[in-house]
>>> print(open('structure01.txt').read())   # compact mmCIF, C-alpha atoms
# COMPACT_ATOMS: atom_id res chain seq x y z
CA MET A 9 21.09 7.83 -17.98
CA ALA A 10 23.56 4.94 -17.96
CA TYR A 11 22.17 4.04 -14.57
CA ALA A 12 18.68 3.78 -16.01
CA VAL A 13 19.84 1.05 -18.35
CA THR A 14 22.09 -0.94 -16.07
CA ALA A 15 20.56 -0.74 -12.60
CA GLY A 16 19.15 -4.06 -11.57
CA THR A 17 16.79 -5.63 -9.16
CA SER A 18 16.88 -8.73 -7.02
CA LEU A 19 13.57 -9.99 -8.34
CA PRO A 20 13.19 -11.90 -11.59
CA GLN A 21 11.83 -9.67 -14.36
CA ALA A 22 10.36 -10.32 -17.75
CA ALA A 23 12.75 -9.56 -20.60
CA VAL A 24 12.43 -5.90 -21.54
CA PRO A 25 14.46 -4.19 -24.27
CA PRO A 26 17.07 -1.85 -22.75
CA GLY A 27 15.60 1.17 -24.53
CA VAL A 28 12.13 0.50 -23.14
CA LEU A 29 13.56 -0.09 -19.67
CA ALA A 30 15.42 3.21 -19.82
CA LEU A 31 12.29 5.05 -20.97
CA GLN A 32 10.19 3.55 -18.18
CA ARG A 33 12.71 4.52 -15.51
CA ALA A 34 13.11 7.98 -16.99
CA MET A 35 9.36 8.54 -16.75
CA VAL A 36 9.42 7.50 -13.08
CA TRP A 37 12.19 10.07 -12.48
CA LEU A 38 10.23 12.73 -14.34
CA ALA A 39 7.07 12.00 -12.34
CA GLY A 40 9.02 12.54 -9.12
CA ALA A 41 10.65 15.75 -10.34
CA SER A 42 7.45 17.23 -11.79
CA SER A 43 5.51 16.65 -8.57
CA ALA A 44 7.15 19.81 -7.21
CA ILE A 45 5.48 22.13 -9.75
CA VAL A 46 1.78 22.33 -9.05
CA PHE A 47 0.91 26.03 -8.83
CA ILE A 48 -0.65 25.91 -12.30
CA GLU A 49 -3.45 23.67 -13.56
CA PRO A 50 -3.19 21.34 -15.24
CA SER A 51 0.19 21.03 -13.60
CA PRO A 52 3.26 19.42 -15.18
CA TYR A 53 2.73 16.54 -12.74
CA GLU A 54 -0.68 15.73 -14.25
CA LEU A 55 0.70 15.83 -17.78
CA VAL A 56 3.71 13.68 -16.87
CA THR A 57 1.74 11.03 -14.99
CA LEU A 58 -0.79 10.75 -17.81
CA THR A 59 2.02 10.41 -20.35
CA ALA A 60 3.81 7.90 -18.12
CA ALA A 61 0.63 5.86 -17.75
CA VAL A 62 0.22 5.66 -21.52
CA ILE A 63 3.87 4.64 -21.97
CA PHE A 64 3.77 2.01 -19.24
CA PHE A 65 0.52 0.47 -20.44
CA ALA A 66 1.92 0.37 -23.97
CA THR A 67 5.22 -1.21 -22.88
CA GLY A 68 3.96 -3.55 -20.18
CA LEU A 69 2.21 -3.02 -16.84
CA ARG A 70 0.55 -5.75 -14.80
CA MET A 71 -2.40 -5.62 -12.45
CA ARG A 72 -1.70 -7.90 -9.50
CA LEU A 73 -4.18 -9.72 -7.31
CA ALA A 74 -2.60 -8.01 -4.29
CA PHE A 75 -3.94 -4.67 -5.55
CA MET A 76 -7.59 -5.72 -5.72
CA PRO A 77 -8.36 -4.53 -2.14
CA LEU A 78 -6.70 -1.22 -3.01
CA LEU A 79 -8.71 -0.91 -6.23
CA LEU A 80 -11.96 -1.74 -4.44
CA ALA A 81 -11.29 0.79 -1.66
CA LEU A 82 -10.45 3.56 -4.13
CA VAL A 83 -13.56 2.91 -6.22
CA VAL A 84 -15.90 2.77 -3.22
CA LEU A 85 -14.29 5.88 -1.73
CA ASN A 86 -14.92 7.88 -4.87
CA VAL A 87 -18.39 6.46 -5.41
CA GLY A 88 -19.24 7.88 -1.98
CA TYR A 89 -17.80 11.26 -2.98
CA SER A 90 -19.70 11.20 -6.27
CA ILE A 91 -23.01 10.41 -4.54
CA GLY A 92 -22.46 13.26 -2.09
CA ALA A 93 -21.71 15.62 -4.98
CA ILE A 94 -24.84 14.85 -7.03
CA PRO A 95 -26.84 17.91 -5.83
CA PHE A 96 -23.92 20.22 -6.68
CA LEU A 97 -22.54 18.88 -9.96
CA ASP A 98 -23.77 21.92 -11.82
CA ARG A 99 -21.08 23.92 -10.05
CA PRO A 100 -17.70 23.78 -11.87
CA GLU A 101 -15.63 23.67 -8.68
CA ILE A 102 -17.53 20.60 -7.42
CA ALA A 103 -17.20 18.77 -10.72
CA THR A 104 -13.49 19.58 -10.74
CA TRP A 105 -13.13 18.31 -7.16
CA ILE A 106 -14.75 14.99 -8.05
CA ALA A 107 -12.69 14.61 -11.22
CA THR A 108 -9.53 15.33 -9.22
CA SER A 109 -10.45 12.70 -6.63
CA TRP A 110 -10.95 10.05 -9.30
CA TYR A 111 -7.68 11.11 -10.93
CA MET A 112 -5.79 10.80 -7.65
CA ALA A 113 -7.20 7.28 -7.28
CA VAL A 114 -5.88 6.40 -10.73
CA THR A 115 -2.41 7.69 -9.79
CA VAL A 116 -2.42 5.52 -6.65
CA LEU A 117 -3.06 2.38 -8.67
CA PHE A 118 -0.61 3.47 -11.34
CA PHE A 119 2.28 3.95 -8.89
CA ALA A 120 1.44 0.69 -7.13
CA MET A 121 1.64 -1.22 -10.40
CA VAL A 122 4.80 0.58 -11.53
CA ILE A 123 6.75 0.13 -8.28
CA SER A 124 5.75 -3.54 -7.90
CA GLU A 125 8.14 -4.42 -10.76
CA ASP A 126 11.77 -3.45 -11.33
CA THR A 127 11.36 -2.14 -7.81
CA GLU A 128 14.88 -1.27 -6.74
CA ALA A 129 15.74 0.70 -9.88
CA ARG A 130 12.38 2.47 -10.19
CA LEU A 131 12.39 3.46 -6.54
CA ASP A 132 15.88 4.88 -6.96
CA MET A 133 14.77 6.89 -9.98
CA LEU A 134 11.71 8.14 -8.07
CA ARG A 135 13.96 9.11 -5.16
CA ARG A 136 16.32 11.01 -7.46
CA GLY A 137 13.43 12.76 -9.16
CA LEU A 138 11.85 13.81 -5.86
CA VAL A 139 15.15 15.22 -4.61
CA VAL A 140 15.51 17.26 -7.82
CA GLY A 141 11.91 18.41 -7.44
CA GLY A 142 12.56 19.30 -3.82
CA MET A 143 15.56 21.39 -4.85
CA ILE A 144 13.53 23.20 -7.51
CA ALA A 145 10.73 24.01 -5.06
CA SER A 146 13.20 25.04 -2.34
CA LEU A 147 15.24 27.31 -4.61
CA ALA A 148 12.03 28.98 -5.76
CA ALA A 149 10.82 29.37 -2.17
CA VAL A 150 14.08 30.76 -0.79
CA GLY A 151 14.70 32.94 -3.84
CA GLY A 152 11.22 34.40 -3.68
CA TYR A 153 11.28 34.99 0.07
CA PHE A 154 14.61 36.86 0.02
CA HIS A 155 13.71 38.84 -3.15
CA LEU A 156 16.41 37.05 -5.15
CA VAL A 157 14.03 36.51 -8.07
CA PRO A 158 13.04 39.77 -9.83
CA GLY A 159 9.29 40.21 -9.41
CA GLY A 160 9.07 36.79 -7.78
CA TYR A 161 8.07 37.74 -4.25
CA ASP A 162 4.34 37.97 -4.97
CA LEU A 163 4.42 34.80 -7.07
CA LEU A 164 6.56 32.67 -4.76
CA THR A 165 5.26 33.79 -1.35
CA LEU A 166 1.84 34.05 0.30
CA TYR A 167 1.05 36.09 3.43
CA ASP A 168 4.80 36.66 3.91
CA ARG A 169 5.40 32.89 3.87
CA ALA A 170 7.39 31.02 1.23
CA ARG A 171 5.28 28.85 -1.05
CA GLY A 172 7.67 28.34 -3.98
CA THR A 173 6.13 26.32 -6.79
CA PHE A 174 3.02 25.49 -4.73
CA LYS A 175 -0.21 27.37 -4.14
CA ASP A 176 -0.02 26.99 -0.36
CA PRO A 177 2.99 27.28 2.00
CA ASN A 178 1.62 24.39 4.06
CA VAL A 179 1.69 22.07 1.05
CA LEU A 180 5.20 23.20 0.13
CA GLY A 181 6.44 22.30 3.60
CA ALA A 182 4.67 18.95 3.61
CA PHE A 183 5.97 18.03 0.15
CA LEU A 184 9.58 18.81 1.03
CA ILE A 185 9.67 16.38 3.96
CA LEU A 186 10.17 13.24 1.83
CA PRO A 187 12.99 14.60 -0.39
CA ALA A 188 14.58 16.07 2.75
CA LEU A 189 14.51 12.62 4.35
CA PHE A 190 16.13 11.12 1.26
CA SER A 191 18.91 13.71 1.47
CA LEU A 192 19.32 13.14 5.21
CA GLN A 193 19.74 9.40 4.60
CA SER A 194 22.62 10.15 2.27
CA VAL A 195 24.17 12.55 4.77
CA VAL A 196 24.31 9.91 7.52
CA SER A 197 25.26 6.86 5.46
CA ASP A 198 26.88 7.63 2.09
CA PRO A 199 30.55 8.31 1.22
CA LEU A 200 31.89 11.76 2.04
CA GLY A 201 31.46 13.41 -1.38
CA LYS A 202 27.87 12.32 -1.86
CA SER A 203 27.13 13.00 1.79
CA PHE A 204 28.39 16.59 1.46
CA ARG A 205 26.28 17.28 -1.63
CA ASN A 206 23.20 15.96 0.10
CA ALA A 207 24.01 17.98 3.21
CA ILE A 208 23.68 21.10 1.07
CA ALA A 209 20.40 19.80 -0.39
CA PHE A 210 19.07 18.94 3.07
CA GLY A 211 20.02 22.36 4.40
CA LEU A 212 18.29 24.13 1.51
CA MET A 213 15.11 22.09 1.86
CA SER A 214 15.09 22.57 5.63
CA LEU A 215 15.46 26.32 5.10
CA ALA A 216 12.50 26.32 2.70
CA ILE A 217 10.42 24.37 5.23
CA LEU A 218 11.31 26.90 7.91
CA LEU A 219 10.39 29.84 5.65
CA ALA A 220 7.05 28.22 4.80
CA PHE A 221 6.22 28.86 8.49
CA SER A 222 4.08 25.74 8.66
CA ARG A 223 3.93 24.35 12.18
CA ALA A 224 2.85 20.97 10.85
CA ALA A 225 5.80 20.84 8.46
CA TRP A 226 8.26 21.88 11.18
CA GLY A 227 7.03 19.17 13.51
CA GLY A 228 6.66 16.72 10.65
CA LEU A 229 10.28 17.06 9.56
CA ILE A 230 11.62 16.67 13.08
CA ILE A 231 9.42 13.70 14.00
CA THR A 232 9.73 11.81 10.72
CA ALA A 233 13.49 12.36 10.59
CA ALA A 234 13.89 11.04 14.13
CA PHE A 235 11.63 8.06 13.39
CA MET A 236 13.46 7.25 10.15
CA LEU A 237 16.90 7.51 11.73
CA ALA A 238 15.80 5.25 14.58
CA LEU A 239 14.61 2.67 12.05
CA MET A 240 17.89 2.98 10.15
CA VAL A 241 19.82 2.26 13.35
CA LEU A 242 17.61 -0.71 14.17
CA THR A 243 17.93 -2.17 10.67
CA SER A 244 21.66 -1.51 10.22
CA ARG A 245 23.78 -4.57 9.57
CA SER A 246 26.91 -3.49 11.44
CA GLN A 247 27.92 -1.61 14.57
CA SER A 248 30.08 0.82 12.57
CA GLU A 249 27.11 1.71 10.37
CA ARG A 250 24.93 2.31 13.40
CA SER A 251 27.61 4.46 15.02
CA ARG A 252 28.01 6.60 11.92
CA ILE A 253 24.26 7.17 11.61
CA ILE A 254 24.04 8.29 15.24
CA VAL A 255 27.11 10.58 15.04
CA MET A 256 26.09 12.16 11.74
CA ALA A 257 22.51 12.62 12.95
CA LEU A 258 23.79 14.51 15.99
CA VAL A 259 26.01 16.69 13.77
CA ALA A 260 23.07 17.40 11.44
CA ALA A 261 20.87 18.32 14.40
CA PHE A 262 23.54 20.69 15.76
CA LEU A 263 23.94 22.40 12.38
CA ALA A 264 20.15 22.69 12.00
CA VAL A 265 19.87 24.41 15.38
CA ALA A 266 22.71 26.75 14.41
CA LEU A 267 20.95 27.59 11.11
CA VAL A 268 17.71 28.39 12.92
CA ALA A 269 19.55 30.56 15.42
CA ILE A 270 21.20 32.55 12.60
CA LEU A 271 17.89 33.02 10.76
CA LEU A 272 16.12 34.18 13.92
CA SER A 273 18.61 37.02 14.15
CA PHE A 274 16.64 38.64 11.30
CA ASP A 275 13.73 40.57 12.82
CA SER A 276 11.19 39.79 10.09
CA ILE A 277 11.86 36.06 10.32
CA ALA A 278 11.90 36.10 14.13
CA GLN A 279 8.53 37.89 14.30
CA MET A 280 6.86 35.53 11.86
CA PHE A 281 8.41 32.53 13.60
CA LYS A 282 7.10 33.71 16.96
CA GLN A 283 3.66 34.29 15.51
CA ARG A 284 3.46 30.92 13.75
CA ALA A 285 5.01 28.96 16.63
CA SER A 286 2.28 30.14 18.99
CA PHE A 287 -0.30 27.55 20.03
CA ASP A 288 -3.03 30.11 20.63
CA GLN A 289 -3.90 30.92 17.02
CA SER A 290 -7.34 32.51 16.71
CA TYR A 291 -8.47 30.04 14.06
CA ASP A 292 -7.67 27.09 16.35
CA GLU A 293 -9.63 28.24 19.36
CA GLY A 294 -13.27 28.58 20.32
CA ARG A 295 -16.46 26.73 19.45
CA PHE A 296 -15.95 27.28 15.71
CA GLY A 297 -12.15 27.07 15.75
CA ARG A 298 -10.26 24.24 14.08
CA PHE A 299 -10.77 21.72 16.88
CA GLY A 300 -14.24 22.92 17.77
CA ARG A 301 -15.26 22.34 14.15
CA HIS A 302 -13.93 18.80 14.38
CA ILE A 303 -16.27 18.02 17.27
CA LEU A 304 -19.30 19.69 15.69
CA GLY A 305 -18.57 18.07 12.32
CA ALA A 306 -18.30 14.63 13.89
CA GLN A 307 -21.70 15.16 15.49
CA MET A 308 -23.16 16.15 12.12
CA ALA A 309 -21.61 13.11 10.43
CA LEU A 310 -23.57 10.73 12.65
CA ASP A 311 -26.86 12.17 11.36
CA LEU A 312 -25.94 12.50 7.66
CA PRO A 313 -25.44 9.12 5.92
CA PHE A 314 -24.72 10.81 2.58
CA GLY A 315 -22.75 13.72 4.02
CA ILE A 316 -23.19 17.33 2.92
CA GLY A 317 -21.16 17.13 -0.30
CA PRO A 318 -17.63 18.20 -1.28
CA LEU A 319 -16.57 21.76 -0.39
CA GLN A 320 -19.82 22.38 1.52
CA PHE A 321 -18.40 22.37 5.03
CA ARG A 322 -17.32 26.00 4.63
CA ASN A 323 -21.00 26.94 4.13
CA TYR A 324 -21.79 25.68 7.64
CA PHE A 325 -18.64 26.82 9.44
CA PRO A 326 -16.15 29.70 9.05
CA GLU A 327 -13.50 27.49 7.40
CA ASP A 328 -12.94 24.05 5.89
CA THR A 329 -12.69 20.91 8.02
CA HIS A 330 -8.87 20.85 8.29
CA ASN A 331 -9.22 17.14 9.03
CA SER A 332 -9.13 14.68 6.12
CA TYR A 333 -10.92 11.92 8.00
CA LEU A 334 -13.78 14.22 8.96
CA ASN A 335 -13.82 15.62 5.43
CA ALA A 336 -14.34 12.12 4.05
CA PHE A 337 -17.52 11.84 6.14
CA MET A 338 -18.67 15.33 5.20
CA SER A 339 -17.95 14.99 1.48
CA GLY A 340 -18.95 11.37 0.87
CA GLY A 341 -21.09 10.35 3.81
CA TRP A 342 -20.69 7.13 5.70
CA ILE A 343 -19.38 5.29 2.63
CA SER A 344 -16.32 7.48 2.11
CA GLY A 345 -16.06 8.27 5.82
CA LEU A 346 -15.48 4.62 6.66
CA VAL A 347 -13.44 3.62 3.62
CA TYR A 348 -10.91 6.47 3.67
CA PRO A 349 -9.55 5.94 7.20
CA ALA A 350 -9.72 2.16 6.70
CA LEU A 351 -7.55 2.42 3.59
CA VAL A 352 -5.07 4.73 5.28
CA PHE A 353 -4.70 2.74 8.49
CA VAL A 354 -4.54 -0.64 6.76
CA THR A 355 -1.67 0.80 4.72
CA VAL A 356 0.05 1.97 7.90
CA MET A 357 -0.34 -1.37 9.68
CA THR A 358 0.88 -3.26 6.64
CA GLY A 359 3.79 -0.86 6.41
CA PHE A 360 4.99 -1.81 9.89
CA ARG A 361 5.06 -5.48 8.83
CA TYR A 362 7.80 -4.89 6.25
CA ILE A 363 10.10 -2.54 8.17
CA PHE A 364 12.60 -5.26 9.10
CA LEU A 365 12.44 -7.27 5.88
CA PRO A 366 15.97 -6.89 4.38
CA VAL A 367 14.93 -6.03 0.83
CA PRO A 368 17.48 -4.27 -1.44
CA TRP A 369 15.36 -1.10 -1.34
CA GLN A 370 14.95 -1.08 2.44
CA ARG A 371 16.54 2.35 2.94
CA THR A 372 14.15 3.99 0.47
CA TYR A 373 11.25 2.10 2.05
CA LEU A 374 12.06 3.52 5.48
CA ALA A 375 12.08 7.10 4.18
CA ILE A 376 8.81 6.77 2.28
CA PHE A 377 7.08 4.98 5.14
CA SER A 378 8.24 7.62 7.63
CA ALA A 379 7.03 10.48 5.41
CA PHE A 380 3.74 8.70 4.73
CA LEU A 381 3.19 8.10 8.44
CA GLY A 382 3.85 11.78 9.10
CA THR A 383 1.25 12.81 6.51
CA VAL A 384 -1.26 10.38 8.02
CA GLY A 385 -0.81 12.13 11.35
CA GLU A 386 -0.94 15.57 9.75
CA SER A 387 -4.26 14.63 8.14
CA PHE A 388 -5.91 15.02 11.54
CA ILE A 389 -5.26 18.78 11.49
CA ILE A 390 -5.22 19.69 7.79
CA ASP A 391 -6.92 18.67 4.54
CA THR A 392 -4.54 16.38 2.64
CA ASP A 393 -7.25 14.89 0.41
CA HIS A 394 -5.84 16.25 -2.85
CA TRP A 395 -2.15 16.39 -2.02
CA ARG A 396 -0.55 14.73 -5.01
CA HIS A 397 2.51 13.56 -3.12
CA PHE A 398 0.31 11.86 -0.50
CA TRP A 399 -1.41 9.71 -3.12
CA MET A 400 1.94 9.05 -4.80
CA MET A 401 3.30 7.76 -1.49
CA LEU A 402 0.18 5.65 -0.90
CA GLY A 403 0.51 3.95 -4.28
CA THR A 404 4.26 3.52 -3.85
CA MET A 405 3.69 1.88 -0.46
CA TRP A 406 1.36 -0.71 -1.98
CA GLY A 407 3.80 -1.32 -4.81
CA MET A 408 6.58 -1.95 -2.27
CA PHE A 409 4.29 -4.29 -0.30
CA ALA A 410 3.73 -6.44 -3.38
CA ALA A 411 7.42 -6.42 -4.30
CA ALA A 412 8.49 -7.24 -0.72
CA ALA A 413 6.05 -10.17 -0.55
CA ARG A 414 7.48 -11.54 -3.80
CA TYR A 415 11.04 -10.97 -2.61
CA ARG A 416 10.35 -12.87 0.61
CA ALA A 417 8.69 -15.73 -1.28
CA VAL A 418 11.61 -15.97 -3.73
CA SER A 419 14.15 -15.85 -0.88
CA GLU A 420 12.34 -18.55 1.09
CA ALA A 421 12.06 -20.75 -1.99
CA ALA A 422 15.79 -20.34 -2.64
CA LEU A 423 16.62 -21.26 0.97
CA THR A 424 14.38 -24.33 0.77
CA ALA A 425 16.00 -25.42 -2.48
CA ARG A 426 19.50 -25.04 -1.02
CA ALA A 427 18.50 -26.97 2.08
CA ALA A 428 17.04 -29.75 -0.04
CA ALA A 429 20.21 -29.85 -2.18
CA ARG A 430 22.39 -30.17 0.91
CA ALA A 431 20.17 -32.89 2.36
CA SER A 432 20.38 -34.92 -0.82
>>> encode(input="structure01.txt", output="structure tokens")
Amino acid sequence: MAYAVTAGTSLPQAAVPPGVLALQRAMVWLAGASSAIVFIEPSPYELVTLTAAVIFFATGLRMRLAFMPLLLALVVLNVGYSIGAIPFLDRPEIATWIATSWYMAVTVLFFAMVISEDTEARLDMLRRGLVVGGMIASLAAVGGYFHLVPGGYDLLTLYDRARGTFKDPNVLGAFLILPALFSLQSVVSDPLGKSFRNAIAFGLMSLAILLAFSRAAWGGLIITAAFMLALMVLTSRSQSERSRIIVMALVAAFLAVALVAILLSFDSIAQMFKQRASFDQSYDEGRFGRFGRHILGAQMALDLPFGIGPLQFRNYFPEDTHNSYLNAFMSGGWISGLVYPALVFVTVMTGFRYIFLPVPWQRTYLAIFSAFLGTVGESFIIDTDHWRHFWMMLGTMWGMFAAAARYRAVSEAALTARAAARAS
């Protein structure tokens, strides 16, 4: 906790009592850690974020002009959902879906406002919390899968796939990608002791992702890790740092392949791996398969300005949309269908603008941006609409945008002042 009091930031901050500062940072850590436990409702994450919001608003939280487009997009998005849900609001599951959507929007704005100040320290606390949460979820997943938890197999697995502290193995795998990236960053760039500890954490989280048997999570981890490491090499400030990242990344890749090879020597794991790795899954193929539904749903969306309402797609087709962008059209009509992808892709394009800005929190930025980009891509083949960690990342991205813009302005002003002083 000493860190929470002393860690600084390169941006000027309003005077805050050390005890308040420590409490604020502790709540950010707790929000990250609690995001891994969501198999019960209300989940600890909901309770923690609500408590954190109360504490932050009581101790100081500012709404910035830079967040007005974000606020407008979130409100319009959920207005569209609410309009589409009007005929079905007498059904508890629909009312809950709408309430959850509005709540997720609130968490986006909350994280944006929180991360926009005291950015370096709060991001570090969020990173630490997410890694702890990732370890909790991974230990539960691995322990449940290998029957290491008495009576835990039925609770911690689903359809012979590890789900840990989540309801769905796919969500477990997707959640673990960001904390795994944080650990991988430490493996390739931190001193030996810290690097070794994070190598163990990365191995455990990678094992949990493998045992979740989620094709999207497998591909997501590989692609986002490669993308993040490439960005780390490009943004490194020395040749020795770049060389270490490359060498350690190759070592990590070799060990990961060796781990997979060992696990595939177990028949049960090998059979499930072969089944899940296949690209000819029955629910993907045919006119009403995953991708066939995307085409038919898109055709429906053109003729339905108000959509068909939340959770109604399954009444027209064998399964849900498994495409968040299509689901926005189906659930909230043209309003939500246009706003949701616009919000996501504006965030992505803005994210690319700040990749090479040398802010003190650049390393954390690269990991979050890589994981967010991976989830954006995954949203084309799965419903990520109510994934808590997705909305957390979205809000955190906007908070980092605001902080980076201020950092750049302060840096440019300082350079101008020094130049003027030298000229005089």
>>> closest_residue(input="structure01.txt", among="A:Pro318, A:Pro77, A:Gly141, A:Gly152", to="Thr355 (chain A)", atoms="all atoms listed in the file")
A:Pro77
>>> closest_atom_pairs(input="structure01.txt", of="region 320-396 of chain A", to="region 37-49 of chain A", cutoff="12 Å", atoms="only C-alpha atoms", output="Markdown table")
| residue | atom | partner | partner_atom | distance |
| --- | --- | --- | --- | --- |
| A:His394 | CA | A:Val46 | CA | 11.6 |
| A:Trp395 | CA | A:Val46 | CA | 10.0 |
| A:Arg396 | CA | A:Ser43 | CA | 7.3 |
>>> atom_distance(input="structure01.txt", atom1="CA of Leu73 (chain A)", atom2="CA of Met112 (chain A)")
20.6 Å
>>> closest_residue(input="structure01.txt", among="A:Ser378, A:Thr404, A:Gln279, A:Ser203", to="Ile231 (chain A)", atoms="only C-alpha atoms")
A:Ser378
>>> closest_atom_pairs(input="structure01.txt", of="region 212-278 of chain A", to="region 174-186 of chain A", cutoff="9 Å", atoms="all atoms listed in the file", output="JSON lines")
{"residue": "A:Met213", "atom": "CA", "partner": "A:Leu184", "partner_atom": "CA", "distance": 6.5}
{"residue": "A:Ser214", "atom": "CA", "partner": "A:Leu184", "partner_atom": "CA", "distance": 8.1}
{"residue": "A:Ala216", "atom": "CA", "partner": "A:Gly181", "partner_atom": "CA", "distance": 7.3}
{"residue": "A:Ile217", "atom": "CA", "partner": "A:Gly181", "partner_atom": "CA", "distance": 4.8}
{"residue": "A:Leu218", "atom": "CA", "partner": "A:Gly181", "partner_atom": "CA", "distance": 8.0}
{"residue": "A:Leu219", "atom": "CA", "partner": "A:Pro177", "partner_atom": "CA", "distance": 8.6}
{"residue": "A:Ala220", "atom": "CA", "partner": "A:Pro177", "partner_atom": "CA", "distance": 5.0}
{"residue": "A:Phe221", "atom": "CA", "partner": "A:Pro177", "partner_atom": "CA", "distance": 7.4}
{"residue": "A:Ser222", "atom": "CA", "partner": "A:Asn178", "partner_atom": "CA", "distance": 5.4}
{"residue": "A:Arg223", "atom": "CA", "partner": "A:Asn178", "partner_atom": "CA", "distance": 8.4}
{"residue": "A:Ala224", "atom": "CA", "partner": "A:Asn178", "partner_atom": "CA", "distance": 7.7}
{"residue": "A:Ala225", "atom": "CA", "partner": "A:Gly181", "partner_atom": "CA", "distance": 5.1}
{"residue": "A:Trp226", "atom": "CA", "partner": "A:Gly181", "partner_atom": "CA", "distance": 7.8}
{"residue": "A:Gly228", "atom": "CA", "partner": "A:Ile185", "partner_atom": "CA", "distance": 7.3}
{"residue": "A:Leu229", "atom": "CA", "partner": "A:Ile185", "partner_atom": "CA", "distance": 5.7}
{"residue": "A:Thr232", "atom": "CA", "partner": "A:Ile185", "partner_atom": "CA", "distance": 8.2}
{"residue": "A:Ala233", "atom": "CA", "partner": "A:Ile185", "partner_atom": "CA", "distance": 8.6}
>>> residues_around(input="structure01.txt", residues="region 248-262 of chain A", least_positions_apart="5", cutoff="9 Å", atoms="all atoms listed in the file", output="CSV table (one decimal) with C-alpha atoms, keeping the file's coordinate frame")
chain,number,residue,atom,x,y,z
A,192,LEU,CA,19.3,13.1,5.2
A,193,GLN,CA,19.7,9.4,4.6
A,195,VAL,CA,24.2,12.6,4.8
A,196,VAL,CA,24.3,9.9,7.5
A,197,SER,CA,25.3,6.9,5.5
A,207,ALA,CA,24.0,18.0,3.2
A,234,ALA,CA,13.9,11.0,14.1
A,237,LEU,CA,16.9,7.5,11.7
A,238,ALA,CA,15.8,5.2,14.6
A,240,MET,CA,17.9,3.0,10.2
A,241,VAL,CA,19.8,2.3,13.4
A,242,LEU,CA,17.6,-0.7,14.2
A,243,THR,CA,17.9,-2.2,10.7
A,267,LEU,CA,21.0,27.6,11.1
>>> residues_around(input="structure01.txt", residues="Ile106 (chain A)", least_positions_apart="5", cutoff="10 Å", atoms="only C-alpha atoms", output="VMD selection string")
chain A and resid 86 to 87 89 to 90 92 to 93 97 101 111 to 112 318
>>> atom_distance(input="structure01.txt", atom1="CA of Val116 (chain A)", atom2="CA of Tyr362 (chain A)")
19.5 Å
>>> closest_residue(input="structure01.txt", among="A:Arg430, A:Arg99, A:His397, A:Arg414", to="Gln320 (chain A)", atoms="all atoms listed in the file")
A:Arg99
>>> decode(input="structure01.txt", residues="region 116-152 of chain A", atoms="C-alpha atoms", output="mmCIF file, in the first residue's frame")
data_model
loop_
_atom_site.group_PDB
_atom_site.id
_atom_site.type_symbol
_atom_site.label_atom_id
_atom_site.label_comp_id
_atom_site.auth_asym_id
_atom_site.auth_seq_id
_atom_site.Cartn_x
_atom_site.Cartn_y
_atom_site.Cartn_z
ATOM 1 C CA VAL A 116 -17.481 3.397 -19.210
ATOM 2 C CA LEU A 117 -17.850 7.029 -18.211
ATOM 3 C CA PHE A 118 -16.700 6.273 -14.683
ATOM 4 C CA PHE A 119 -13.443 4.626 -15.794
ATOM 5 C CA ALA A 120 -12.813 7.381 -18.337
ATOM 6 C CA MET A 121 -13.120 10.040 -15.644
ATOM 7 C CA VAL A 122 -11.044 8.068 -13.134
ATOM 8 C CA ILE A 123 -8.157 7.247 -15.487
ATOM 9 C CA SER A 124 -7.985 10.796 -16.910
ATOM 10 C CA GLU A 125 -6.420 11.970 -13.619
ATOM 11 C CA ASP A 126 -3.526 10.549 -11.602
ATOM 12 C CA THR A 127 -3.191 8.427 -14.710
ATOM 13 C CA GLU A 128 0.127 6.666 -14.259
ATOM 14 C CA ALA A 129 -0.553 5.502 -10.701
ATOM 15 C CA ARG A 130 -4.197 4.536 -11.277
ATOM 16 C CA LEU A 131 -3.345 2.594 -14.406
ATOM 17 C CA ASP A 132 -0.654 0.737 -12.506
ATOM 18 C CA MET A 133 -3.119 -0.142 -9.753
ATOM 19 C CA LEU A 134 -5.669 -1.281 -12.348
ATOM 20 C CA ARG A 135 -2.985 -3.405 -14.005
ATOM 21 C CA ARG A 136 -2.026 -4.996 -10.693
ATOM 22 C CA GLY A 137 -5.654 -5.664 -9.838
ATOM 23 C CA LEU A 138 -6.374 -7.267 -13.207
ATOM 24 C CA VAL A 139 -3.350 -9.545 -12.891
ATOM 25 C CA VAL A 140 -4.529 -10.656 -9.440
ATOM 26 C CA GLY A 141 -8.020 -11.182 -10.851
ATOM 27 C CA GLY A 142 -6.565 -13.137 -13.746
ATOM 28 C CA MET A 143 -4.684 -15.375 -11.327
ATOM 29 C CA ILE A 144 -7.826 -15.992 -9.269
ATOM 30 C CA ALA A 145 -9.863 -16.913 -12.348
ATOM 31 C CA SER A 146 -7.049 -19.076 -13.751
ATOM 32 C CA LEU A 147 -6.472 -20.972 -10.508
ATOM 33 C CA ALA A 148 -10.207 -21.651 -10.275
ATOM 34 C CA ALA A 149 -10.331 -22.775 -13.916
ATOM 35 C CA VAL A 150 -7.296 -25.063 -13.735
ATOM 36 C CA GLY A 151 -8.227 -26.408 -10.307
ATOM 37 C CA GLY A 152 -11.751 -27.185 -11.415
#
